[in-house]
file my_file08.txt (compact mmCIF, C-alpha atoms)
# COMPACT_ATOMS: atom_id res chain seq x y z
CA MET A 186 118.26 47.39 52.59
CA THR A 187 119.71 47.58 49.11
CA LYS A 188 120.83 51.05 48.14
CA LYS A 189 119.31 51.04 44.71
CA GLU A 190 116.54 48.98 43.14
CA TRP A 191 117.47 47.13 39.98
CA PRO A 192 115.72 48.62 36.95
CA LEU A 193 112.77 46.88 35.33
CA TRP A 194 113.09 45.17 31.93
CA GLU A 195 110.39 44.01 29.53
CA ILE A 196 111.01 40.52 28.18
CA PHE A 197 110.19 39.32 24.67
CA ILE A 198 110.57 35.69 23.60
CA ARG A 199 110.51 34.11 20.16
CA GLY A 200 108.75 30.76 20.31
CA GLN A 201 109.81 27.62 18.47
CA HIS A 202 107.99 28.12 15.21
CA GLY A 203 109.47 31.22 13.67
CA LEU A 204 106.86 33.60 15.05
CA ASN A 205 107.53 37.16 16.23
CA HIS A 206 109.11 37.83 19.57
CA ARG A 207 106.23 38.18 21.97
CA HIS A 208 106.00 40.12 25.23
CA VAL A 209 105.89 37.64 28.10
CA GLY A 210 106.37 39.81 31.18
CA SER A 211 108.95 41.82 33.02
CA LEU A 212 111.71 41.39 35.58
CA HIS A 213 114.37 43.27 37.52
CA ALA A 214 118.06 43.07 36.65
CA PRO A 215 121.09 45.32 37.12
CA ASP A 216 121.94 45.36 33.40
CA ALA A 217 120.91 43.94 30.03
CA GLU A 218 123.22 40.97 30.23
CA MET A 219 121.81 39.89 33.60
CA ALA A 220 118.29 40.60 32.34
CA ILE A 221 118.81 37.98 29.62
CA LYS A 222 120.20 35.50 32.13
CA ASN A 223 117.27 36.08 34.48
CA ALA A 224 114.76 35.94 31.63
CA ARG A 225 116.12 32.56 30.66
CA ASP A 226 115.43 31.27 34.19
CA VAL A 227 112.12 33.02 34.73
CA TYR A 228 110.47 32.68 31.34
CA THR A 229 111.98 29.69 29.47
CA ARG A 230 112.15 26.87 32.02
CA ARG A 231 110.10 24.66 29.70
CA LYS A 232 111.68 25.44 26.33
CA GLU A 233 109.24 28.25 25.65
CA GLY A 234 111.59 29.99 23.27
CA VAL A 235 114.63 30.12 21.03
CA SER A 236 115.52 33.82 21.40
CA ILE A 237 115.19 36.52 24.05
CA TRP A 238 114.95 40.30 23.73
CA VAL A 239 115.21 42.54 26.79
CA VAL A 240 114.20 46.20 26.72
CA PRO A 241 114.41 48.68 29.60
CA SER A 242 110.79 49.30 30.65
CA ALA A 243 111.59 53.01 30.83
CA ALA A 244 112.35 52.99 27.09
CA ILE A 245 108.82 51.98 26.13
CA THR A 246 106.35 54.64 25.08
CA ALA A 247 102.76 53.45 25.26
CA SER A 248 99.57 54.86 23.78
CA SER A 249 97.33 56.37 26.38
CA PRO A 250 94.16 54.52 27.37
CA SER A 251 92.16 57.73 26.84
CA GLU A 252 93.21 57.70 23.17
CA LYS A 253 91.67 54.28 22.63
CA GLY A 254 88.62 55.71 20.87
CA PRO A 255 90.30 58.07 18.38
CA LEU A 256 93.06 55.55 17.64
CA PHE A 257 91.14 52.36 17.10
CA ASP A 258 87.47 53.13 16.49
CA PRO A 259 87.91 54.45 12.90
CA ALA A 260 88.82 50.92 11.75
CA GLU A 261 85.44 49.67 12.86
CA SER A 262 83.52 51.11 9.90
CA LYS A 263 86.05 49.96 7.31
CA VAL A 264 84.82 46.41 6.98
CA TYR A 265 85.82 46.38 3.29
CA ARG A 266 89.40 45.89 4.49
CA HIS A 267 88.49 42.25 5.18
CA PRO A 268 88.30 39.75 2.30
CA THR A 269 84.97 38.41 3.55
CA PHE A 270 83.35 41.76 2.68
CA PHE A 271 83.31 40.75 -1.00
CA ASP A 272 80.96 38.10 -2.32
CA ILE A 273 82.63 35.96 -4.94
CA PRO A 274 80.28 33.56 -6.78
CA ASP A 275 80.93 29.87 -6.18
CA GLU A 276 81.48 29.35 -9.94
CA VAL A 277 84.65 31.41 -9.73
CA GLY A 278 86.20 28.87 -7.41
CA HIS A 279 88.67 29.45 -4.62
CA MET A 280 90.09 32.94 -4.38
CA MET B 28 94.06 30.63 49.85
CA TYR B 29 97.47 31.95 48.93
CA ALA B 30 95.76 35.23 49.66
CA GLN B 31 93.76 34.93 52.88
CA MET B 32 91.64 37.56 54.55
CA VAL B 33 92.71 40.31 52.20
CA LYS B 34 91.12 43.48 53.48
CA SER B 35 88.93 45.02 50.83
CA GLU B 36 87.51 48.51 50.72
CA GLY B 37 83.86 49.16 51.55
CA MET B 38 81.21 48.20 49.04
CA LYS B 39 79.20 50.96 47.35
CA SER B 40 75.75 50.78 45.79
CA PRO B 41 75.37 52.08 42.21
CA GLU B 42 73.71 55.25 43.59
CA GLU B 43 76.65 55.99 45.88
CA MET B 44 79.21 55.56 43.09
CA THR B 45 80.71 58.47 41.19
CA PRO B 46 80.13 58.36 37.41
CA GLU B 47 83.72 57.14 36.98
CA GLU B 48 83.22 54.35 39.51
CA ARG B 49 79.98 53.30 37.85
CA ALA B 50 81.61 53.20 34.40
CA PHE B 51 84.43 51.15 35.87
CA GLN B 52 82.04 48.66 37.46
CA GLU B 53 80.17 48.34 34.17
CA ARG B 54 83.41 47.51 32.37
CA VAL B 55 84.17 44.82 34.95
CA ASP B 56 80.63 43.47 34.64
CA ARG B 57 81.00 43.24 30.86
CA GLY B 58 84.11 41.10 31.39
CA GLU B 59 86.56 43.71 30.07
CA LYS B 60 90.10 43.55 31.38
CA ILE B 61 91.41 46.52 33.33
CA GLU B 62 94.94 47.50 32.29
CA PRO B 63 97.62 49.27 34.37
CA LYS B 64 97.35 52.83 33.08
CA GLU B 65 93.56 52.93 32.99
CA TRP B 66 91.45 54.68 35.58
CA MET B 67 90.52 52.48 38.54
CA PRO B 68 89.06 53.18 41.98
CA GLU B 69 91.74 53.67 44.61
CA GLY B 70 90.19 50.85 46.65
CA TYR B 71 90.52 48.44 43.73
CA ARG B 72 94.18 49.33 43.34
CA LYS B 73 94.93 49.03 47.05
CA THR B 74 93.06 45.75 47.49
CA LEU B 75 94.82 44.26 44.48
CA ILE B 76 98.24 45.30 45.78
CA ARG B 77 97.44 43.59 49.09
CA GLN B 78 96.12 40.47 47.42
CA MET B 79 98.77 40.07 44.72
CA GLY B 80 101.52 40.99 47.18
CA GLN B 81 100.31 38.38 49.63
CA HIS B 82 100.04 35.86 46.83
CA ALA B 83 103.61 36.61 45.69
CA HIS B 84 104.93 36.39 49.25
CA SER B 85 103.26 32.99 49.62
CA GLU B 86 105.05 31.69 46.55
CA ILE B 87 108.41 32.86 47.87
CA VAL B 88 107.94 31.74 51.48
CA GLY B 89 106.40 28.54 50.10
CA GLN B 90 109.84 27.56 48.84
CA LEU B 91 111.10 27.13 52.39
CA PRO B 92 109.18 24.06 53.64
CA GLU B 93 110.11 22.17 50.47
CA GLY B 94 113.63 23.54 50.26
CA ASN B 95 114.08 21.78 53.57
CA TRP B 96 114.10 18.44 51.73
CA ILE B 97 116.15 19.16 48.62
CA THR B 98 119.38 17.95 50.18
CA ARG B 99 117.66 14.91 51.67
CA ALA B 100 115.53 13.70 48.75
CA PRO B 101 115.61 9.88 48.55
CA THR B 102 116.91 9.67 44.96
CA LEU B 103 118.70 11.92 42.49
CA GLU B 104 115.59 12.00 40.30
CA ARG B 105 113.37 13.06 43.21
CA LYS B 106 115.90 15.71 44.07
CA ALA B 107 115.95 17.10 40.52
CA ILE B 108 112.13 17.14 40.43
CA LEU B 109 111.83 18.88 43.80
CA LEU B 110 114.46 21.42 42.78
CA ALA B 111 112.50 22.18 39.60
CA LYS B 112 109.31 22.55 41.62
CA VAL B 113 110.88 24.93 44.12
CA GLN B 114 112.39 26.92 41.24
CA ASP B 115 108.91 27.22 39.73
CA GLU B 116 107.67 28.73 43.00
CA ALA B 117 110.36 31.39 42.76
CA GLY B 118 109.21 32.06 39.20
CA HIS B 119 105.59 32.33 40.30
CA GLY B 120 106.57 34.83 42.96
CA LEU B 121 108.39 36.89 40.34
CA TYR B 122 105.46 36.87 37.91
CA LEU B 123 103.20 38.13 40.68
CA TYR B 124 105.58 40.79 41.98
CA SER B 125 105.91 42.12 38.41
CA ALA B 126 102.13 42.14 38.02
CA ALA B 127 101.75 43.97 41.35
CA GLU B 128 104.36 46.52 40.31
CA THR B 129 102.13 47.67 37.46
CA LEU B 130 99.92 49.16 40.19
CA GLY B 131 102.60 51.58 41.30
CA VAL B 132 104.31 49.72 44.13
CA SER B 133 107.89 48.49 43.84
CA ARG B 134 109.06 44.98 44.54
CA ASP B 135 111.48 46.17 47.18
CA GLU B 136 108.63 47.97 48.97
CA LEU B 137 106.61 44.76 48.97
CA MET B 138 109.61 42.81 50.27
CA GLU B 139 110.08 45.29 53.03
CA LYS B 140 106.44 44.93 54.06
CA LEU B 141 106.80 41.16 54.16
CA HIS B 142 109.91 41.40 56.30
CA SER B 143 108.39 43.92 58.70
CA GLY B 144 105.28 41.75 59.10
CA ALA B 145 103.02 44.44 57.59
CA MET B 146 102.05 42.00 54.83
CA LYS B 147 101.17 38.33 55.29
CA TYR B 148 101.68 35.12 53.40
CA SER B 149 99.51 32.01 53.44
CA SER B 150 99.07 30.35 56.84
CA ILE B 151 99.93 26.95 55.37
CA PHE B 152 103.65 27.68 55.14
CA ASN B 153 103.92 28.08 58.90
CA TYR B 154 103.65 24.32 59.36
CA PRO B 155 106.79 22.17 59.44
CA THR B 156 107.70 19.49 56.88
CA LEU B 157 108.86 16.64 59.09
CA THR B 158 109.26 13.68 56.72
CA TRP B 159 109.73 13.01 53.02
CA ALA B 160 106.04 12.10 52.82
CA ASP B 161 105.30 15.75 53.58
CA MET B 162 106.73 16.60 50.14
CA GLY B 163 103.98 14.38 48.75
CA ALA B 164 101.29 15.90 50.95
CA VAL B 165 102.35 19.47 50.17
CA GLY B 166 102.31 18.91 46.41
CA TRP B 167 99.07 16.96 46.45
CA LEU B 168 97.08 18.98 49.01
CA VAL B 169 98.66 22.43 49.21
CA ASP B 170 99.25 22.86 45.49
CA GLY B 171 95.92 21.14 44.90
CA ALA B 172 94.17 23.72 47.06
CA ALA B 173 96.07 26.53 45.36
CA ILE B 174 94.93 25.31 41.93
CA MET B 175 91.27 25.44 43.07
CA ASN B 176 91.70 29.15 43.63
CA GLN B 177 94.06 29.99 40.79
CA VAL B 178 92.15 28.43 37.92
CA PRO B 179 89.15 30.78 38.31
CA LEU B 180 91.52 33.71 38.94
CA GLN B 181 92.72 33.39 35.34
CA ARG B 182 89.48 35.25 34.56
CA THR B 183 90.10 38.04 37.06
CA SER B 184 89.38 41.61 35.91
CA TYR B 185 92.94 42.92 36.25
CA GLY B 186 94.88 42.13 33.05
CA PRO B 187 98.40 41.66 34.47
CA TYR B 188 97.07 39.48 37.33
CA SER B 189 95.07 37.37 34.92
CA ARG B 190 98.09 36.85 32.64
CA ALA B 191 100.30 35.89 35.59
CA MET B 192 97.66 33.38 36.69
CA ILE B 193 97.45 31.81 33.24
CA ARG B 194 101.21 31.30 33.26
CA ILE B 195 101.16 29.92 36.81
CA CYS B 196 98.30 27.51 36.19
CA LYS B 197 100.15 25.99 33.24
CA GLU B 198 102.95 25.01 35.61
CA GLU B 199 101.00 24.23 38.75
CA SER B 200 99.53 20.95 37.56
CA PHE B 201 103.03 19.45 37.51
CA HIS B 202 103.36 20.37 41.17
CA GLN B 203 100.22 18.60 42.26
CA ARG B 204 100.93 15.49 40.21
CA GLN B 205 104.51 15.14 41.44
CA GLY B 206 103.14 15.34 44.99
CA TYR B 207 100.51 12.70 44.33
CA ALA B 208 103.16 10.49 42.69
CA ILE B 209 105.21 10.64 45.91
CA MET B 210 102.09 9.73 47.92
CA MET B 211 101.34 6.78 45.61
CA LYS B 212 104.86 5.46 45.93
CA MET B 213 104.78 5.68 49.72
CA ALA B 214 101.24 4.40 50.13
CA GLN B 215 102.22 1.33 48.11
CA GLY B 216 105.53 0.93 49.91
CA THR B 217 106.48 -0.75 53.17
CA PRO B 218 104.07 -0.50 56.15
CA GLU B 219 106.37 2.16 57.61
CA GLN B 220 106.26 4.19 54.41
CA LYS B 221 102.48 3.92 54.23
CA GLU B 222 102.31 5.07 57.82
CA MET B 223 104.44 8.09 56.98
CA ALA B 224 102.08 8.94 54.12
CA GLN B 225 99.08 8.65 56.45
CA ASP B 226 100.80 10.79 59.06
CA ALA B 227 101.52 13.49 56.45
CA LEU B 228 97.86 13.49 55.40
CA ASN B 229 96.80 13.71 59.04
CA ARG B 230 98.94 16.75 59.65
CA PHE B 231 98.24 18.60 56.37
CA TRP B 232 94.51 17.98 55.96
CA TYR B 233 93.12 20.71 58.21
CA PRO B 234 95.82 23.29 57.47
CA SER B 235 94.99 22.75 53.78
CA LEU B 236 91.30 23.40 54.44
CA MET B 237 92.31 26.61 56.25
CA MET B 238 94.03 27.85 53.09
CA PHE B 239 90.65 28.88 51.70
CA GLY B 240 90.14 31.32 54.55
CA PRO B 241 87.34 31.61 57.12
CA SER B 242 83.80 30.51 56.44
CA ASP B 243 81.72 32.82 54.21
CA LYS B 244 79.60 33.91 57.13
CA ASP B 245 82.73 35.30 58.83
CA SER B 246 84.40 36.56 55.68
CA VAL B 247 83.88 40.30 55.69
CA HIS B 248 85.86 41.23 52.62
CA SER B 249 84.29 39.04 49.97
CA ALA B 250 81.43 41.09 48.53
CA GLN B 251 83.43 44.02 47.15
CA SER B 252 86.25 41.80 45.89
CA MET B 253 83.76 39.58 44.10
CA ALA B 254 82.02 42.58 42.52
CA TRP B 255 85.41 43.71 41.24
CA LYS B 256 86.19 40.17 40.04
CA ILE B 257 89.42 39.93 41.96
CA LYS B 258 87.89 37.10 43.96
CA MET B 259 85.91 34.67 41.83
CA ASN B 260 84.39 32.20 44.32
CA THR B 261 83.54 32.25 47.99
CA ASN B 262 85.83 30.52 50.47
CA ASP B 263 83.26 27.84 51.30
CA GLU B 264 82.56 27.06 47.63
CA LEU B 265 86.23 26.42 46.94
CA ARG B 266 86.75 24.44 50.16
CA GLN B 267 83.81 22.18 49.26
CA LYS B 268 85.17 21.66 45.75
CA PHE B 269 88.57 20.77 47.18
CA VAL B 270 87.12 18.21 49.60
CA ASP B 271 84.93 16.67 46.87
CA GLU B 272 87.92 16.22 44.56
CA THR B 273 90.45 15.16 47.17
CA VAL B 274 88.55 12.50 49.13
CA PRO B 275 88.39 10.00 46.23
CA GLN B 276 92.11 10.59 45.62
CA ALA B 277 92.81 9.68 49.25
CA THR B 278 90.63 6.58 48.89
CA TYR B 279 92.65 5.51 45.86
CA LEU B 280 95.82 5.81 47.93
CA GLY B 281 94.25 3.62 50.64
CA LEU B 282 94.68 6.46 53.13
CA THR B 283 92.10 7.79 55.55
CA VAL B 284 91.11 11.45 55.69
CA PRO B 285 91.41 12.40 59.39
CA ASP B 286 87.76 13.41 59.76
CA GLU B 287 85.34 10.98 61.40
CA THR B 288 82.35 13.05 60.34
CA LEU B 289 83.24 12.86 56.65
CA THR B 290 80.24 11.44 54.75
CA TRP B 291 78.86 11.66 51.24
CA ASN B 292 75.67 13.69 51.27
CA GLU B 293 73.53 12.23 48.50
CA GLU B 294 71.02 15.07 48.68
CA ARG B 295 73.58 17.85 48.31
CA GLY B 296 75.80 15.88 45.96
CA HIS B 297 78.77 16.87 48.14
CA TYR B 298 80.77 15.56 51.07
CA ASP B 299 79.86 16.78 54.55
CA PHE B 300 83.05 17.45 56.46
CA ALA B 301 84.35 18.97 59.68
CA GLU B 302 85.55 22.57 59.73
CA PRO B 303 89.16 23.14 60.73
CA ASP B 304 89.96 24.71 64.08
CA TRP B 305 89.54 28.40 63.29
CA ASP B 306 91.14 29.50 66.56
CA GLU B 307 94.31 27.77 65.41
CA PHE B 308 94.02 29.52 62.05
CA PHE B 309 93.78 32.97 63.63
CA GLU B 310 96.72 32.20 65.90
CA VAL B 311 98.86 31.17 62.90
CA ILE B 312 97.81 34.31 61.00
CA LYS B 313 98.76 36.40 64.03
CA GLY B 314 102.26 34.95 63.94
CA ASN B 315 101.93 32.19 66.52
CA GLY B 316 102.09 29.15 64.24
CA PRO B 317 104.75 26.48 64.66
CA CYS B 318 107.13 27.99 62.06
CA ASN B 319 106.25 31.68 61.66
CA GLU B 320 109.46 32.92 63.22
CA GLU B 321 111.63 30.47 61.37
CA ARG B 322 110.09 31.28 57.97
CA LEU B 323 110.24 35.04 58.32
CA GLY B 324 113.70 34.76 59.84
CA ALA B 325 114.93 32.80 56.82
CA ARG B 326 113.48 35.39 54.45
CA ARG B 327 115.03 38.32 56.29
CA GLU B 328 118.38 36.59 56.51
CA ALA B 329 118.40 35.80 52.78
CA TRP B 330 117.52 39.42 51.98
CA ASP B 331 120.11 40.94 54.31
CA LYS B 332 122.89 38.56 53.40
CA GLY B 333 122.19 39.08 49.69
CA ALA B 334 122.45 42.87 49.91
CA TRP B 335 126.19 42.99 49.13
CA PHE B 336 125.57 40.88 46.03
CA ARG B 337 122.71 43.01 44.73
CA ASP B 338 124.72 46.16 45.37
CA GLY B 339 127.78 44.63 43.72
CA LEU B 340 125.90 43.87 40.53
CA THR B 341 124.48 47.39 40.49
CA ALA B 342 127.97 48.87 40.95
CA TYR B 343 129.32 46.70 38.14
CA ALA B 344 126.48 47.71 35.80
CA GLU B 345 127.09 51.41 36.55
CA LYS B 346 130.83 51.08 35.98
CA ALA B 347 130.36 49.19 32.72
CA ALA B 348 127.87 51.82 31.51
CA ALA B 349 130.31 54.63 32.40
CA ARG B 350 133.13 52.80 30.58
CA ARG B 351 130.96 52.38 27.48
CA ALA B 352 130.03 56.06 27.55
CA ALA B 353 133.70 57.06 27.89
CA SER B 354 134.84 54.90 24.98
CA ASN B 355 132.04 56.34 22.83
CA VAL B 356 133.31 59.85 23.58
CA ALA B 357 136.88 58.79 22.78
CA ALA B 358 135.80 57.32 19.44
CA GLU B 359 134.10 60.51 18.33
call {"tool": "encode", "arguments": {"input": "my_file08.txt", "output": "structure tokens"}}
result
Amino acid sequence: MTKKEWPLWEIFIRGQHGLNHRHVGSLHAPDAEMAIKNARDVYTRRKEGVSIWVVPSAAITASSPSEKGPLFDPAESKVYRHPTFFDIPDEVGHM
Amino acid sequence: MYAQMVKSEGMKSPEEMTPEERAFQERVDRGEKIEPKEWMPEGYRKTLIRQMGQHAHSEIVGQLPEGNWITRAPTLERKAILLAKVQDEAGHGLYLYSAAETLGVSRDELMEKLHSGAMKYSSIFNYPTLTWADMGAVGWLVDGAAIMNQVPLQRTSYGPYSRAMIRICKEESFHQRQGYAIMMKMAQGTPEQKEMAQDALNRFWYPSLMMFGPSDKDSVHSAQSMAWKIKMNTNDELRQKFVDETVPQATYLGLTVPDETLTWNEERGHYDFAEPDWDEFFEVIKGNGPCNEERLGARREAWDKGAWFRDGLTAYAEKAAARRAASNVAAE
């Protein structure tokens, strides 16, 4: 039995086309350097990315599921934040 | 399937449920995904740990029958392909262990349960791979059967499980096709090669049918798991689908499915086929299959012999961290 479990890391990968790094999953590794090496083998076997970030899972603070309502519901009534809320006459052309 | 006979908790009627349980069931019914920190019934959590753990173990143990042939692959290209396939299986195991860990169990705990025999892996990996044609049969039939189960599981209610399945399914199709490609090559080869292909099909056909688990009438755990959407189809449904898709593929190869009763049933629109020997299945599950001891032995040995390496990396990481901390203090 191993004395100590390797800590968990969250893995973020930037895809080919200049998009944001995106969370793809997690893995165990003894340190950040090994986490990157492992992430390369576990998450980019088919050229899924051009850059890897690793973050200790313990360093992530997440919003609580019970806060879902207060956090996200207020946006529901603010439909005017979307461009489609405004009718622009066809004569005006593309806007 | 990769998860067979997973024990589920007892099923409750809506009246017996607590308000929390009812709200949970309604979320599942609406097709919402359940995420790690959200409230879930204890039975849902426990059943998922068993199922995902067993699934992960199957991926890892599943490397062994194919690993057997890496050093003996007939060409360098075949060797590279098989190596990539076996590496994928390791990856699939890791995705699933990570997903299971979100339920509050650690990977090392799961490993320990595999090694002690407290948790199972799929019965299929307790059969030996005797010839190169078995690499074809395993990819074609075993991965083919796994895909039948994994594609619907992409829609499972538990978010991390669903995401792991989506990732796995993307890669799994390569596995089945590389297996079928081996079968094609051998079936079109010399008479001896064709005979090897037929022999592999003969040996893997019924064990592949067993992968889906016992018949629905004997499957006691299905109802609750299906209500929770952690099992999407019944065992018999998936087995039928597998037979219907696989028989024409065997015909194309010019090979014969080892079932004399196999006939197309026009009325049902499905093949009628013979059930596997369920006594054999239960024996294999109990640990009395041809390779149970060898497989579990190989896993335990790898774990024990790797301990010094895992500990060494941990010690190095701790030392390096201490050194960094010390040099930071010195710089201040």
call {"tool": "residues_around", "arguments": {"input": "my_file08.txt", "residues": "Leu204 (chain A)", "least_positions_apart": "4", "cutoff": "12 Å", "atoms": "all atoms listed in the file", "output": "list in words"}}
result
Phe197, Ile198, Arg199, Gly200, Gly234, Val235 and Ser236 of chain A
call {"tool": "atom_distance", "arguments": {"input": "my_file08.txt", "atom1": "CA of Gly163 (chain B)", "atom2": "CA of Gln203 (chain B)"}}
result
8.6 Å
call {"tool": "closest_atom_pairs", "arguments": {"input": "my_file08.txt", "of": "chain B", "to": "chain A", "cutoff": "9 Å", "atoms": "all atoms listed in the file", "output": "tab-separated table"}}
result
residue	atom	partner	partner_atom	distance
B:Glu62	CA	A:Pro250	CA	8.6
B:Lys64	CA	A:Pro250	CA	6.8
B:Glu65	CA	A:Pro250	CA	5.9
B:Trp66	CA	A:Pro250	CA	8.6
B:Ala111	CA	A:Arg230	CA	8.9
B:Gln114	CA	A:Asp226	CA	8.8
B:Asp115	CA	A:Val227	CA	8.3
B:Ala117	CA	A:Val227	CA	8.4
B:Gly118	CA	A:Val227	CA	5.4
B:His119	CA	A:Val227	CA	8.6
B:Leu121	CA	A:Leu212	CA	7.3
B:Tyr122	CA	A:Gly210	CA	7.4
B:Tyr124	CA	A:Leu212	CA	8.9
B:Ser125	CA	A:Ser211	CA	6.2
B:Ala126	CA	A:Gly210	CA	8.4
B:Ser133	CA	A:Glu190	CA	8.7
B:Arg134	CA	A:Glu190	CA	8.6
B:Asp135	CA	A:Glu190	CA	7.1
B:Glu139	CA	A:Met186	CA	8.5
B:Pro187	CA	A:Gly210	CA	8.8
B:Arg190	CA	A:Gly210	CA	8.9
B:Ala191	CA	A:Gly210	CA	8.5
B:Trp330	CA	A:Met186	CA	8.0
B:Asp331	CA	A:Met186	CA	6.9
B:Gly333	CA	A:Thr187	CA	8.9
B:Ala334	CA	A:Thr187	CA	5.5
B:Trp335	CA	A:Thr187	CA	7.9
B:Arg337	CA	A:Thr187	CA	7.0
B:Asp338	CA	A:Thr187	CA	6.4
B:Leu340	CA	A:Pro215	CA	6.1
B:Thr341	CA	A:Pro215	CA	5.2
B:Ala342	CA	A:Pro215	CA	8.6
B:Tyr343	CA	A:Pro215	CA	8.4
B:Ala344	CA	A:Asp216	CA	5.6
B:Glu345	CA	A:Asp216	CA	8.5
B:Ala348	CA	A:Asp216	CA	9.0
call {"tool": "atom_distance", "arguments": {"input": "my_file08.txt", "atom1": "CA of Ala145 (chain B)", "atom2": "CA of Gly240 (chain B)"}}
result
18.6 Å
call {"tool": "residues_around", "arguments": {"input": "my_file08.txt", "residues": "region 30-40 of chain B", "least_positions_apart": "5", "cutoff": "6 Å", "atoms": "all atoms listed in the file", "output": "list in words"}}
result
Gly70, Thr74, Gln78, Gln81, His82, Gly240, His248 and Gln251 of chain B
call {"tool": "residues_near_point", "arguments": {"input": "my_file08.txt", "point": "(119.3, 18.7, 46.2)", "cutoff": "7 Å", "atoms": "all atoms listed in the file", "output": "PyMOL selection string"}}
result
chain B and resi 97-100+106-107+110
call {"tool": "atom_distance", "arguments": {"input": "my_file08.txt", "atom1": "CA of Gln220 (chain B)", "atom2": "CA of Thr158 (chain B)"}}
result
10.2 Å
call {"tool": "closest_atom_pairs", "arguments": {"input": "my_file08.txt", "of": "region 212-251 of chain B", "to": "region 149-156 of chain B", "cutoff": "9 Å", "atoms": "only C-alpha atoms", "output": "JSON lines"}}
result
{"residue": "B:Ala227", "atom": "CA", "partner": "B:Thr156", "partner_atom": "CA", "distance": 8.6}
{"residue": "B:Arg230", "atom": "CA", "partner": "B:Tyr154", "partner_atom": "CA", "distance": 8.9}
{"residue": "B:Phe231", "atom": "CA", "partner": "B:Tyr154", "partner_atom": "CA", "distance": 8.4}
{"residue": "B:Pro234", "atom": "CA", "partner": "B:Ile151", "partner_atom": "CA", "distance": 5.9}
{"residue": "B:Ser235", "atom": "CA", "partner": "B:Ile151", "partner_atom": "CA", "distance": 6.7}
{"residue": "B:Met237", "atom": "CA", "partner": "B:Ile151", "partner_atom": "CA", "distance": 7.7}
{"residue": "B:Met238", "atom": "CA", "partner": "B:Ile151", "partner_atom": "CA", "distance": 6.4}
call {"tool": "residues_near_point", "arguments": {"input": "my_file08.txt", "point": "(84.6, 14.8, 64.7)", "cutoff": "12 Å", "atoms": "all atoms listed in the file", "output": "VMD selection string"}}
result
chain B and resid 284 to 290 299 to 304
call {"tool": "residues_around", "arguments": {"input": "my_file08.txt", "residues": "Leu280 (chain B)", "least_positions_apart": "5", "cutoff": "9 Å", "atoms": "all atoms listed in the file", "output": "ChimeraX atom specification"}}
result
/B:210-211,214-215,275
call {"tool": "decode", "arguments": {"input": "my_file08.txt", "residues": "region 256-268 of chain A", "atoms": "N, CA and C atoms", "output": "PDB file, in the first residue's frame"}}
result
ATOM      1  N   LEU A 256     -28.038  33.149  -7.505  1.00  0.00           N
ATOM      2  CA  LEU A 256     -26.946  33.575  -8.385  1.00  0.00           C
ATOM      3  C   LEU A 256     -27.398  33.772  -9.825  1.00  0.00           C
ATOM      4  N   PHE A 257     -28.168  32.815 -10.324  1.00  0.00           N
ATOM      5  CA  PHE A 257     -28.389  32.797 -11.772  1.00  0.00           C
ATOM      6  C   PHE A 257     -29.796  33.185 -12.216  1.00  0.00           C
ATOM      7  N   ASP A 258     -30.779  33.065 -11.327  1.00  0.00           N
ATOM      8  CA  ASP A 258     -32.147  33.368 -11.750  1.00  0.00           C
ATOM      9  C   ASP A 258     -32.369  34.837 -12.126  1.00  0.00           C
ATOM     10  N   PRO A 259     -31.712  35.804 -11.444  1.00  0.00           N
ATOM     11  CA  PRO A 259     -31.985  37.208 -11.780  1.00  0.00           C
ATOM     12  C   PRO A 259     -31.769  37.533 -13.262  1.00  0.00           C
ATOM     13  N   ALA A 260     -30.874  36.794 -13.931  1.00  0.00           N
ATOM     14  CA  ALA A 260     -30.594  37.096 -15.339  1.00  0.00           C
ATOM     15  C   ALA A 260     -31.774  36.733 -16.238  1.00  0.00           C
ATOM     16  N   GLU A 261     -32.645  35.887 -15.697  1.00  0.00           N
ATOM     17  CA  GLU A 261     -33.734  35.360 -16.521  1.00  0.00           C
ATOM     18  C   GLU A 261     -34.677  36.467 -17.021  1.00  0.00           C
ATOM     19  N   SER A 262     -34.944  37.443 -16.158  1.00  0.00           N
ATOM     20  CA  SER A 262     -35.911  38.485 -16.519  1.00  0.00           C
ATOM     21  C   SER A 262     -35.269  39.620 -17.330  1.00  0.00           C
ATOM     22  N   LYS A 263     -33.983  39.554 -17.526  1.00  0.00           N
ATOM     23  CA  LYS A 263     -33.300  40.677 -18.200  1.00  0.00           C
ATOM     24  C   LYS A 263     -33.037  40.354 -19.667  1.00  0.00           C
ATOM     25  N   VAL A 264     -34.130  40.063 -20.349  1.00  0.00           N
ATOM     26  CA  VAL A 264     -34.012  39.629 -21.747  1.00  0.00           C
ATOM     27  C   VAL A 264     -33.469  40.724 -22.647  1.00  0.00           C
ATOM     28  N   TYR A 265     -33.591  42.007 -22.165  1.00  0.00           N
ATOM     29  CA  TYR A 265     -33.097  43.130 -22.991  1.00  0.00           C
ATOM     30  C   TYR A 265     -31.582  43.124 -23.118  1.00  0.00           C
ATOM     31  N   ARG A 266     -30.920  42.195 -22.395  1.00  0.00           N
ATOM     32  CA  ARG A 266     -29.461  42.101 -22.553  1.00  0.00           C
ATOM     33  C   ARG A 266     -29.085  41.376 -23.853  1.00  0.00           C
ATOM     34  N   HIS A 267     -30.097  40.803 -24.508  1.00  0.00           N
ATOM     35  CA  HIS A 267     -29.811  40.100 -25.773  1.00  0.00           C
ATOM     36  C   HIS A 267     -30.221  40.975 -26.944  1.00  0.00           C
ATOM     37  N   PRO A 268     -29.410  40.991 -28.008  1.00  0.00           N
ATOM     38  CA  PRO A 268     -29.705  41.872 -29.148  1.00  0.00           C
ATOM     39  C   PRO A 268     -31.062  41.589 -29.780  1.00  0.00           C
TER      40      PRO A 268
END
